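Asker: I'd like to ask some things about the structure below.
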Amino acid sequence: MKQDSNELDWRKSTFTSPETCVEVAAIPGGVLVRNSNAPEAGTLEFTRAEFAAWLEGCKAGEFDDLAV
């Protein structure tokens with residue numbers, strides 16, 4: 001059963017601004033990601049392992065070139 005995304009505990013980084021906001025929410029077995037400026041656009045769903053691998057890549061600077 002798909003959980004209503006409005007009922008989830010959405011979290012965002014303290015590094016975001018009103019114009020650059022990405023939110024994440026934990027779900028059983030995974031993580032949802034959405035653009036908080038357009039929540040009606042939907043979410044991306046990742047397993048915990050996928051999300052952990054992505055976070056490790058971020059911490060290692062693997063995506064730094066995309067932020068400029």
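Chain labels follow the order of the structure tokens: the first chain is A, the next B, and so on; residue numbering restarts at 1 in every chain, and ligands are counted from 1 in their shown order.
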At most 12 Å is the cut-off: for each residue in segment 14-52 of chain A with any atom that close to an atom of segment 58-68 of chain A, write down the nearest atom pair and the distance in Å rounded to one decimal, counting only C-alpha atoms, chain first then increasing number, as CSV.
Answerer:
```
residue,atom,partner,partner_atom,distance
A:Thr20,CA,A:Ala67,CA,11.2
A:Phe51,CA,A:Cys58,CA,10.5
A:Ala52,CA,A:Cys58,CA,9.8
```
Asker: For a test of reading the model, state the distance in Å between atom CA of Asn37 of chain A and atom CA of Trp54 of chain A, rounded to one decimal.
Answerer: 22.2 Å
Asker: What does the distance between atom CA of Asn6 of chain A and atom CA of Val22 of chain A come to in Å, to one decimal place?
Answerer: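 Computing the Euclidean distance for atom CA of Asn6 of chain A and atom CA of Val22 of chain A yields 15.1 Å.
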Asker: Please return as a PyMOL selection string: the residues of chain A that backbone DSSP assigns to helix (DSSP H, G or I).
Answerer: chain A and resi 5-7+39-41+48-59+64-67
Asker: Report as a list in words all protein, DNA and RNA residues lying within 10 Å of Glu50 of chain A, evaluated on only C-alpha atoms, omitting residues in the same chain fewer than 5 positions from it.
Answerer: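 Surrounding residues, per the criterion: Gly30, Val31, Glu45 and Leu55 of chain A.
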Asker: Report, in Å to a single decimal, how far apart atom CA of Ala49 of chain A and atom CA of Ser13 of chain A are.
Answerer: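 These atoms are spaced 20.1 Å apart.
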Asker: Where in chain A does DSSP assign strand (DSSP E or B), given as a PyMOL selection string?
Answerer: chain A and resi 11-12+22-27+30-35+44-47
Asker: For the selection you just gave me, I'd like the residues written to a file as a short mmCIF file (atom, residue, chain, number, x, y, z; two decimals), in the first residue's frame, keeping N, CA and C atoms.
Answerer:
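The result, stored in result.cif:
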```cif
data_model
loop_
_atom_site.label_atom_id
_atom_site.label_comp_id
_atom_site.auth_asym_id
_atom_site.auth_seq_id
_atom_site.Cartn_x
_atom_site.Cartn_y
_atom_site.Cartn_z
N ARG A 11 11.96 16.00 5.66
CA ARG A 11 13.11 16.72 6.21
C ARG A 11 13.88 17.37 5.08
N LYS A 12 14.48 18.53 5.38
CA LYS A 12 15.32 19.18 4.40
C LYS A 12 16.61 19.66 5.05
N VAL A 22 15.14 20.55 -1.54
CA VAL A 22 14.87 19.14 -1.77
C VAL A 22 14.57 18.53 -0.41
N GLU A 23 13.53 17.72 -0.33
CA GLU A 23 13.14 17.09 0.93
C GLU A 23 13.25 15.57 0.82
N VAL A 24 13.46 14.94 1.96
CA VAL A 24 13.49 13.48 2.03
C VAL A 24 12.57 13.01 3.15
N ALA A 25 12.03 11.82 2.99
CA ALA A 25 11.18 11.22 4.02
C ALA A 25 11.45 9.72 4.06
N ALA A 26 11.53 9.19 5.26
CA ALA A 26 11.72 7.75 5.43
C ALA A 26 10.40 7.02 5.25
N ILE A 27 10.46 5.91 4.56
CA ILE A 27 9.32 5.00 4.42
C ILE A 27 9.84 3.61 4.76
N GLY A 30 12.81 2.21 2.71
CA GLY A 30 13.34 3.14 1.73
C GLY A 30 13.26 4.60 2.12
N VAL A 31 13.52 5.43 1.12
CA VAL A 31 13.52 6.88 1.28
C VAL A 31 12.85 7.50 0.07
N LEU A 32 12.01 8.50 0.29
CA LEU A 32 11.42 9.27 -0.79
C LEU A 32 12.12 10.61 -0.88
N VAL A 33 12.25 11.14 -2.09
CA VAL A 33 12.86 12.43 -2.34
C VAL A 33 11.90 13.24 -3.21
N ARG A 34 11.75 14.53 -2.88
CA ARG A 34 10.89 15.39 -3.70
C ARG A 34 11.40 16.83 -3.68
N ASN A 35 10.93 17.60 -4.63
CA ASN A 35 11.17 19.04 -4.69
C ASN A 35 10.07 19.69 -3.87
N LEU A 44 10.65 10.52 -5.91
CA LEU A 44 11.53 9.44 -6.33
C LEU A 44 11.71 8.53 -5.13
N GLU A 45 11.63 7.24 -5.35
CA GLU A 45 11.77 6.28 -4.25
C GLU A 45 13.06 5.49 -4.40
N PHE A 46 13.81 5.40 -3.30
CA PHE A 46 15.06 4.67 -3.27
C PHE A 46 15.05 3.69 -2.11
N THR A 47 15.73 2.56 -2.28
CA THR A 47 15.92 1.65 -1.15
C THR A 47 16.91 2.32 -0.20
#
```
